[in-house]
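For reference, start.pdb (PDB, C-alpha atoms and all ligand atoms):
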MODEL        1
ATOM      1  CA  MET K 892       0.000   0.000   0.000
ATOM      2  CA  LYS K 893       1.496   3.335  -1.070
ATOM      3  CA  ARG K 894       0.802   6.255   1.248
ATOM      4  CA  ILE K 895       0.472   9.930   0.273
ATOM      5  CA  ILE K 896       0.383  12.973   2.548
ATOM      6  CA  LEU K 897      -1.050  16.144   0.992
ATOM      7  CA  PHE K 898      -0.280  19.712   2.083
ATOM      8  CA  ALA K 899      -2.616  22.567   1.112
ATOM      9  CA  SER K 900      -3.241  26.148   2.215
ATOM     10  CA  GLY K 901      -6.328  27.114   0.287
ATOM     11  CA  SER K 902      -9.364  25.883  -1.575
ATOM     12  CA  GLY K 903      -8.069  22.337  -2.103
ATOM     13  CA  SER K 904      -9.577  21.619  -5.520
ATOM     14  CA  ASN K 905      -6.383  19.759  -6.397
ATOM     15  CA  VAL K 906      -6.621  17.806  -3.151
ATOM     16  CA  GLU K 907     -10.197  16.796  -3.980
ATOM     17  CA  ASN K 908      -9.191  15.843  -7.507
ATOM     18  CA  ILE K 909      -6.303  13.700  -6.224
ATOM     19  CA  VAL K 910      -8.499  12.029  -3.577
ATOM     20  CA  ASN K 911     -11.107  11.181  -6.220
ATOM     21  CA  TYR K 912      -8.498   9.873  -8.641
ATOM     22  CA  PHE K 913      -7.042   7.420  -6.117
ATOM     23  CA  GLN K 914     -10.461   6.404  -4.775
ATOM     24  CA  GLU K 915     -10.568   3.447  -7.129
ATOM     25  CA  LYS K 916      -6.819   2.662  -6.922
ATOM     26  CA  PRO K 917      -6.660   0.020  -4.150
ATOM     27  CA  ASN K 918      -2.889   0.175  -3.698
ATOM     28  CA  VAL K 919      -2.702   3.908  -2.966
ATOM     29  CA  THR K 920      -4.108   5.694   0.057
ATOM     30  CA  ILE K 921      -4.291   9.363   1.014
ATOM     31  CA  ALA K 922      -3.063   9.066   4.595
ATOM     32  CA  MET K 923      -3.923  12.622   5.533
ATOM     33  CA  VAL K 924      -4.180  16.228   4.469
ATOM     34  CA  LEU K 925      -2.262  18.877   6.422
ATOM     35  CA  THR K 926      -2.982  22.584   6.268
ATOM     36  CA  ASN K 927      -1.507  25.725   7.808
ATOM     37  CA  LYS K 928      -4.754  27.693   7.441
ATOM     38  CA  ARG K 929      -7.328  27.191  10.187
ATOM     39  CA  ASP K 930     -10.190  28.205   7.888
ATOM     40  CA  ALA K 931      -8.909  26.678   4.645
ATOM     41  CA  LYS K 932     -11.691  25.393   2.401
ATOM     42  CA  VAL K 933      -9.663  22.229   1.958
ATOM     43  CA  LEU K 934     -10.767  21.220   5.480
ATOM     44  CA  ASP K 935     -14.422  21.340   4.421
ATOM     45  CA  ARG K 936     -13.599  19.214   1.412
ATOM     46  CA  CYS K 937     -11.815  16.641   3.612
ATOM     47  CA  ASN K 938     -14.800  16.461   5.982
ATOM     48  CA  ARG K 939     -17.058  15.773   2.998
ATOM     49  CA  LEU K 940     -14.589  13.252   1.518
ATOM     50  CA  ASN K 941     -13.945  11.495   4.851
ATOM     51  CA  ILE K 942     -10.225  12.203   4.610
ATOM     52  CA  SER K 943      -8.184  12.774   7.778
ATOM     53  CA  ALA K 944      -7.124  16.408   7.941
ATOM     54  CA  LEU K 945      -5.186  18.446  10.473
ATOM     55  CA  TYR K 946      -4.508  22.134  10.923
ATOM     56  CA  PHE K 947      -1.031  23.102  12.175
ATOM     57  CA  ASN K 948       0.563  26.431  13.147
ATOM     58  CA  LYS K 949       4.086  27.808  12.902
ATOM     59  CA  GLN K 950       4.868  26.391  16.334
ATOM     60  CA  ALA K 951       4.129  22.860  15.148
ATOM     61  CA  TYR K 952       5.754  23.349  11.749
ATOM     62  CA  ASN K 953       8.865  25.469  12.178
ATOM     63  CA  ASN K 954       9.518  25.771  15.889
ATOM     64  CA  SER K 955       9.146  22.131  16.825
ATOM     65  CA  ASP K 956       9.193  18.692  15.204
ATOM     66  CA  THR K 957       5.470  18.126  15.771
ATOM     67  CA  VAL K 958       4.512  18.059  12.094
ATOM     68  CA  LEU K 959       7.756  16.344  11.119
ATOM     69  CA  ASN K 960       7.174  13.551  13.630
ATOM     70  CA  LEU K 961       3.612  13.169  12.396
ATOM     71  CA  ILE K 962       4.917  12.685   8.860
ATOM     72  CA  LYS K 963       7.578  10.235  10.055
ATOM     73  CA  ASP K 964       4.901   8.175  11.819
ATOM     74  CA  VAL K 965       2.921   7.911   8.593
ATOM     75  CA  ASN K 966       6.131   7.198   6.677
ATOM     76  CA  PRO K 967       4.648   8.347   3.342
ATOM     77  CA  ASP K 968       5.890   7.211  -0.039
ATOM     78  CA  LEU K 969       5.216  10.716  -1.339
ATOM     79  CA  ILE K 970       4.533  14.143   0.164
ATOM     80  CA  VAL K 971       2.477  16.244  -2.241
ATOM     81  CA  LEU K 972       2.139  20.025  -2.029
ATOM     82  CA  ALA K 973      -1.123  21.075  -3.640
ATOM     83  CA  GLY K 974      -1.341  24.812  -3.132
ATOM     84  CA  PHE K 975       0.779  25.004   0.003
ATOM     85  CA  LEU K 976       2.224  28.449   0.631
ATOM     86  CA  TRP K 977       4.891  27.936   3.267
ATOM     87  CA  LYS K 978       8.494  27.095   2.498
ATOM     88  CA  ILE K 979       9.539  23.493   3.236
ATOM     89  CA  PRO K 980      12.183  23.405   6.002
ATOM     90  CA  GLU K 981      15.532  22.043   4.877
ATOM     91  CA  LYS K 982      15.226  19.322   7.522
ATOM     92  CA  TYR K 983      12.147  17.923   5.740
ATOM     93  CA  VAL K 984      13.968  17.881   2.393
ATOM     94  CA  GLU K 985      16.917  16.067   3.990
ATOM     95  CA  ILE K 986      14.743  13.456   5.692
ATOM     96  CA  PHE K 987      12.520  12.881   2.635
ATOM     97  CA  PRO K 988      14.894  13.302  -0.345
ATOM     98  CA  ASN K 989      13.080  13.254  -3.691
ATOM     99  CA  LYS K 990       9.835  12.490  -1.889
ATOM    100  CA  ILE K 991       8.330  15.978  -1.800
ATOM    101  CA  VAL K 992       6.694  17.258  -4.972
ATOM    102  CA  ASN K 993       4.935  20.507  -5.772
ATOM    103  CA  ILE K 994       2.759  21.823  -8.549
ATOM    104  CA  HIS K 995       3.266  25.377  -9.739
ATOM    105  CA  PRO K 996       0.654  27.067 -11.973
ATOM    106  CA  ALA K 997       3.171  28.369 -14.524
ATOM    107  CA  LEU K 998       6.093  27.272 -16.687
ATOM    108  CA  LEU K 999       9.019  27.525 -14.232
ATOM    109  CA  PRO K1000      11.535  29.026 -14.015
ATOM    110  CA  LYS K1001       9.303  31.854 -15.274
ATOM    111  CA  TYR K1002       6.727  33.255 -12.831
ATOM    112  CA  GLY K1003       8.111  31.441  -9.801
ATOM    113  CA  GLY K1004       9.526  32.402  -6.444
ATOM    114  CA  LYS K1005       8.236  34.123  -3.335
ATOM    115  CA  GLY K1006       4.830  35.700  -3.748
ATOM    116  CA  MET K1007       4.168  34.034  -7.096
ATOM    117  CA  TYR K1008       1.107  31.965  -6.307
ATOM    118  CA  GLY K1009      -2.543  31.796  -7.305
ATOM    119  CA  ASP K1010      -3.884  34.753  -9.282
ATOM    120  CA  ASN K1011      -0.632  36.708  -8.876
ATOM    121  CA  VAL K1012       0.876  34.267 -11.353
ATOM    122  CA  HIS K1013      -1.942  34.489 -13.897
ATOM    123  CA  LYS K1014      -2.088  38.297 -13.681
ATOM    124  CA  ALA K1015       1.659  38.495 -14.373
ATOM    125  CA  VAL K1016       1.345  36.066 -17.293
ATOM    126  CA  LYS K1017      -1.422  38.212 -18.770
ATOM    127  CA  GLU K1018       0.452  41.433 -18.128
ATOM    128  CA  ASN K1019       3.390  40.068 -20.100
ATOM    129  CA  LYS K1020       1.115  39.037 -22.971
ATOM    130  CA  GLU K1021       2.373  35.454 -22.864
ATOM    131  CA  THR K1022       1.006  33.279 -25.687
ATOM    132  CA  GLU K1023       1.187  30.185 -23.520
ATOM    133  CA  THR K1024       1.282  29.132 -19.878
ATOM    134  CA  GLY K1025       1.028  25.836 -18.087
ATOM    135  CA  ILE K1026       1.930  23.789 -15.036
ATOM    136  CA  THR K1027       5.219  22.640 -13.582
ATOM    137  CA  ILE K1028       5.425  19.610 -11.312
ATOM    138  CA  HIS K1029       8.786  19.537  -9.590
ATOM    139  CA  TYR K1030      10.710  18.119  -6.654
ATOM    140  CA  VAL K1031      10.866  20.478  -3.714
ATOM    141  CA  ASN K1032      14.023  21.824  -2.144
ATOM    142  CA  GLU K1033      14.458  24.486   0.530
ATOM    143  CA  ASN K1034      13.820  27.355  -1.890
ATOM    144  CA  TYR K1035      10.470  28.339  -3.410
ATOM    145  CA  ASP K1036       9.741  26.735  -6.788
ATOM    146  CA  GLU K1037      13.225  25.376  -7.398
ATOM    147  CA  GLY K1038      14.118  21.682  -7.439
ATOM    148  CA  SER K1039      14.323  19.509 -10.553
ATOM    149  CA  ILE K1040      11.359  19.588 -12.889
ATOM    150  CA  ILE K1041       9.388  16.341 -13.232
ATOM    151  CA  GLU K1042       6.817  17.391 -15.831
ATOM    152  CA  GLN K1043       5.511  20.481 -17.596
ATOM    153  CA  GLN K1044       2.312  20.796 -19.598
ATOM    154  CA  LYS K1045       1.379  23.849 -21.706
ATOM    155  CA  VAL K1046      -1.789  25.588 -22.895
ATOM    156  CA  ALA K1047      -2.177  28.356 -25.482
ATOM    157  CA  LEU K1048      -3.309  31.819 -24.407
ATOM    158  CA  PHE K1049      -5.088  34.506 -26.398
ATOM    159  CA  PRO K1050      -5.082  38.289 -25.869
ATOM    160  CA  GLN K1051      -8.765  38.294 -24.879
ATOM    161  CA  ASP K1052      -8.176  35.721 -22.096
ATOM    162  CA  THR K1053      -8.842  37.264 -18.696
ATOM    163  CA  TYR K1054      -6.572  36.208 -15.844
ATOM    164  CA  GLN K1055      -9.554  34.231 -14.488
ATOM    165  CA  GLU K1056      -9.780  32.341 -17.778
ATOM    166  CA  ILE K1057      -6.032  31.749 -17.670
ATOM    167  CA  ALA K1058      -6.447  30.318 -14.160
ATOM    168  CA  GLN K1059      -9.211  28.043 -15.432
ATOM    169  CA  LYS K1060      -7.045  26.755 -18.284
ATOM    170  CA  VAL K1061      -4.248  26.027 -15.794
ATOM    171  CA  HIS K1062      -6.568  24.283 -13.357
ATOM    172  CA  HIS K1063      -7.733  21.981 -16.145
ATOM    173  CA  LEU K1064      -4.117  20.958 -16.763
ATOM    174  CA  GLU K1065      -3.566  20.415 -13.033
ATOM    175  CA  TYR K1066      -6.604  18.186 -12.688
ATOM    176  CA  GLU K1067      -5.663  16.153 -15.743
ATOM    177  CA  TYR K1068      -1.950  15.661 -15.084
ATOM    178  CA  PHE K1069      -1.127  15.969 -11.370
ATOM    179  CA  PRO K1070      -2.753  12.678 -10.253
ATOM    180  CA  LYS K1071      -1.176  10.810 -13.174
ATOM    181  CA  VAL K1072       2.301  12.142 -12.367
ATOM    182  CA  ILE K1073       1.828  11.245  -8.687
ATOM    183  CA  GLU K1074       0.760   7.724  -9.694
ATOM    184  CA  ARG K1075       3.839   7.395 -11.929
ATOM    185  CA  LEU K1076       6.135   8.552  -9.125
ATOM    186  CA  LEU K1077       4.647   5.914  -6.822
ATOM    187  CA  GLN K1078       5.543   3.059  -9.186
TER     188      GLN K1078
HETATM  189  C1  LIG W1101      -3.079  25.583  -7.851
HETATM  190  O1  LIG W1101      -3.197  26.500  -8.910
HETATM  191  C2  LIG W1101      -1.685  25.015  -7.796
HETATM  192  O2  LIG W1101      -1.028  24.979  -9.039
HETATM  193  C3  LIG W1101      -0.976  26.002  -6.909
HETATM  194  O3  LIG W1101      -1.922  26.410  -5.950
HETATM  195  C4  LIG W1101      -3.226  26.268  -6.506
HETATM  196  C5  LIG W1101      -4.031  25.454  -5.542
HETATM  197  O4  LIG W1101      -5.372  25.487  -5.921
HETATM  198  N1  LIG W1101       0.162  25.400  -6.270
HETATM  199  P1  LIG W1101      -6.393  24.554  -5.081
HETATM  200  O5  LIG W1101      -6.284  24.972  -3.627
HETATM  201  O6  LIG W1101      -5.950  23.140  -5.293
HETATM  202  O7  LIG W1101      -7.748  24.841  -5.674
ENDMDL
END
Please re-express this file's structure in structure tokens.
Ligand code: GRF
Amino acid sequence: MKRIILFASGSGSNVENIVNYFQEKPNVTIAMVLTNKRDAKVLDRCNRLNISALYFNKQAYNNSDTVLNLIKDVNPDLIVLAGFLWKIPEKYVEIFPNKIVNIHPALLPKYGGKGMYGDNVHKAVKENKETETGITIHYVNENYDEGSIIEQQKVALFPQDTYQEIAQKVHHLEYEYFPKVIERLLQ
């Protein structure tokens, strides 16, 4: 049985998509979802999906090994960041080498780094009149949006696309590809 831990800070549509994808895959289980936002919508989704979910604060994440020990107890095959906005402590990267993956809603290395998340990314892409955007799934290291790239998928953009429409195009790519890449990494 392969075990996944998911981290999310926001709505959790990727979390829900991943949970649904692995629902009918008997050899993969979503052990738990962890979030740093007490009121994150992802918690509501987990309640509805009957997925274990925990909220943690800085004290548990950075200033102690509470979250780290929780992860060690689960001993996941993969740690998946699905819209998680805090940096991963170096200690986590050292303990789980090549086991932490992230999805970024743009074609890294463009539009990455601190502060480049959610609509900020799509607004910048539009501002720069990009003719394409996409997703980047990559291994996580101790810096935002670095780490070796696992997969990128692209979508064409048109001048009349609003940043909301750009976000929608990117979400479609995320929902189609992220679960499949996770499944491949678990082989
Ligand atoms: C997604 O666009 C993902 O690429 C980025 O954060 C967003 C999370 O969206 N890392 P959701 O919370 O899964 O709806």
What are the centre and the three edge lengths of an axis-aligned box that wraps all atoms of ligand LIG 1101 (chain W) in the file, given that 6 Å is added to every side, written as JSON and rounded to one decimal in Å?
{"center_x": -3.8, "center_y": 24.8, "center_z": -6.3, "size_x": 19.9, "size_y": 15.4, "size_z": 17.4}
For atom C5 of ligand LIG 1101 (chain W) and atom CA of K:Lys1017, the interatomic separation in Å (one decimal):
18.6 Å
Just checking: using only C-alpha atoms and all ligand atoms, which residue out of K:Lys1020, K:Lys1071, K:Lys932, K:Lys978 ends up closest to ligand LIG 1101 (chain W)?
K:Lys932
Please list as JSON, numbers by chain every residue within 10 Å of stretch 1031-1036 of chain K, counting all atoms listed in the file and excluding residues in the same chain fewer than 2 positions away.
{"K": [970, 971, 972, 976, 977, 978, 979, 980, 981, 982, 983, 984, 985, 988, 989, 990, 991, 992, 993, 994, 995, 999, 1000, 1001, 1002, 1003, 1004, 1005, 1006, 1007, 1027, 1028, 1029, 1038, 1039, 1040]}
Distance query stretch 967-969 of chain K at most 8 Å, all atoms listed in the file, self and fewer than 5 positions along chain excluded, as a tab-separated table (two decimals) with C-alpha atoms, in the coordinates of the input:
chain	number	residue	atom	x	y	z
K	893	LYS	CA	1.50	3.34	-1.07
K	894	ARG	CA	0.80	6.26	1.25
K	895	ILE	CA	0.47	9.93	0.27
K	896	ILE	CA	0.38	12.97	2.55
K	922	ALA	CA	-3.06	9.07	4.60
K	962	ILE	CA	4.92	12.68	8.86
K	990	LYS	CA	9.84	12.49	-1.89
K	991	ILE	CA	8.33	15.98	-1.80
K	992	VAL	CA	6.69	17.26	-4.97
K	1077	LEU	CA	4.65	5.91	-6.82
With the cut-off set at 7 Å and counting all atoms listed in the file, tabulate each residue of chain K with an atom at most that distance from an atom of ligand LIG 1101 (chain W), showing the nearest atom pair and its distance in Å to one decimal, ordered by chain and increasing number, as a tab-separated table.
residue	atom	partner	partner_atom	distance
K:Ala899	CA	W:LIG1101	O5	6.5
K:Ser900	CA	W:LIG1101	O5	6.7
K:Gly901	CA	W:LIG1101	O5	4.5
K:Ser902	CA	W:LIG1101	O5	3.8
K:Gly903	CA	W:LIG1101	O5	3.5
K:Ser904	CA	W:LIG1101	O7	3.7
K:Asn905	CA	W:LIG1101	O6	3.6
K:Val906	CA	W:LIG1101	O6	5.8
K:Ala973	CA	W:LIG1101	N1	5.2
K:Gly974	CA	W:LIG1101	O3	3.3
K:Phe975	CA	W:LIG1101	N1	6.3
K:Asn993	CA	W:LIG1101	N1	6.9
K:Ile994	CA	W:LIG1101	O2	5.0
K:His995	CA	W:LIG1101	O2	4.4
K:Pro996	CA	W:LIG1101	O2	4.0
K:Tyr1008	CA	W:LIG1101	O3	6.3
K:Gly1009	CA	W:LIG1101	O1	5.6
K:Ile1026	CA	W:LIG1101	O2	6.8
K:Val1061	CA	W:LIG1101	O1	7.0
K:His1062	CA	W:LIG1101	O1	6.0
K:Glu1065	CA	W:LIG1101	O2	6.6
Identify which of the residues K:Met923, K:Met892, K:Leu998, K:Val1016 lies closest to K:Asp964, counting all atoms listed in the file when measuring atom-to-atom distances.
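Of all the options, K:Met923 lies closest to K:Asp964.
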To one decimal place, how far is atom CA of K:Leu934 from atom CA of K:Asn966 in Å?
22.0 Å
Within 10 Å of K:Lys949, counting only C-alpha atoms, which residues show up once you throw out same-chain ones fewer than 5 positions away? Write them as number ranges by chain, please.
K: 927, 954-955, 958, 977
Under the PyMOL selection byres (((chain K and resi 912) around 12) and not hetatm), which residues of this model are included? Write them out as a ChimeraX atom specification.
/K:905-911,913-917,919-921,1066-1074
Deliver the residues from the most recent selection as a file, using C-alpha atoms, as an mmCIF file, keeping the file's coordinate frame.
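Saved as selection30.cif:
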data_model
loop_
_atom_site.group_PDB
_atom_site.id
_atom_site.type_symbol
_atom_site.label_atom_id
_atom_site.label_comp_id
_atom_site.auth_asym_id
_atom_site.auth_seq_id
_atom_site.Cartn_x
_atom_site.Cartn_y
_atom_site.Cartn_z
ATOM 1 C CA ASN K 905 -6.383 19.759 -6.397
ATOM 2 C CA VAL K 906 -6.621 17.806 -3.151
ATOM 3 C CA GLU K 907 -10.197 16.796 -3.980
ATOM 4 C CA ASN K 908 -9.191 15.843 -7.507
ATOM 5 C CA ILE K 909 -6.303 13.700 -6.224
ATOM 6 C CA VAL K 910 -8.499 12.029 -3.577
ATOM 7 C CA ASN K 911 -11.107 11.181 -6.220
ATOM 8 C CA PHE K 913 -7.042 7.420 -6.117
ATOM 9 C CA GLN K 914 -10.461 6.404 -4.775
ATOM 10 C CA GLU K 915 -10.568 3.447 -7.129
ATOM 11 C CA LYS K 916 -6.819 2.662 -6.922
ATOM 12 C CA PRO K 917 -6.660 0.020 -4.150
ATOM 13 C CA VAL K 919 -2.702 3.908 -2.966
ATOM 14 C CA THR K 920 -4.108 5.694 0.057
ATOM 15 C CA ILE K 921 -4.291 9.363 1.014
ATOM 16 C CA TYR K 1066 -6.604 18.186 -12.688
ATOM 17 C CA GLU K 1067 -5.663 16.153 -15.743
ATOM 18 C CA TYR K 1068 -1.950 15.661 -15.084
ATOM 19 C CA PHE K 1069 -1.127 15.969 -11.370
ATOM 20 C CA PRO K 1070 -2.753 12.678 -10.253
ATOM 21 C CA LYS K 1071 -1.176 10.810 -13.174
ATOM 22 C CA VAL K 1072 2.301 12.142 -12.367
ATOM 23 C CA ILE K 1073 1.828 11.245 -8.687
ATOM 24 C CA GLU K 1074 0.760 7.724 -9.694
#
Just to confirm, what's the straight-line distance from atom CA of K:Asn918 to atom CA of K:Asp935 in Å (one decimal)?
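So the two atoms, atom CA of K:Asn918 and atom CA of K:Asp935, lie 25.4 Å apart.
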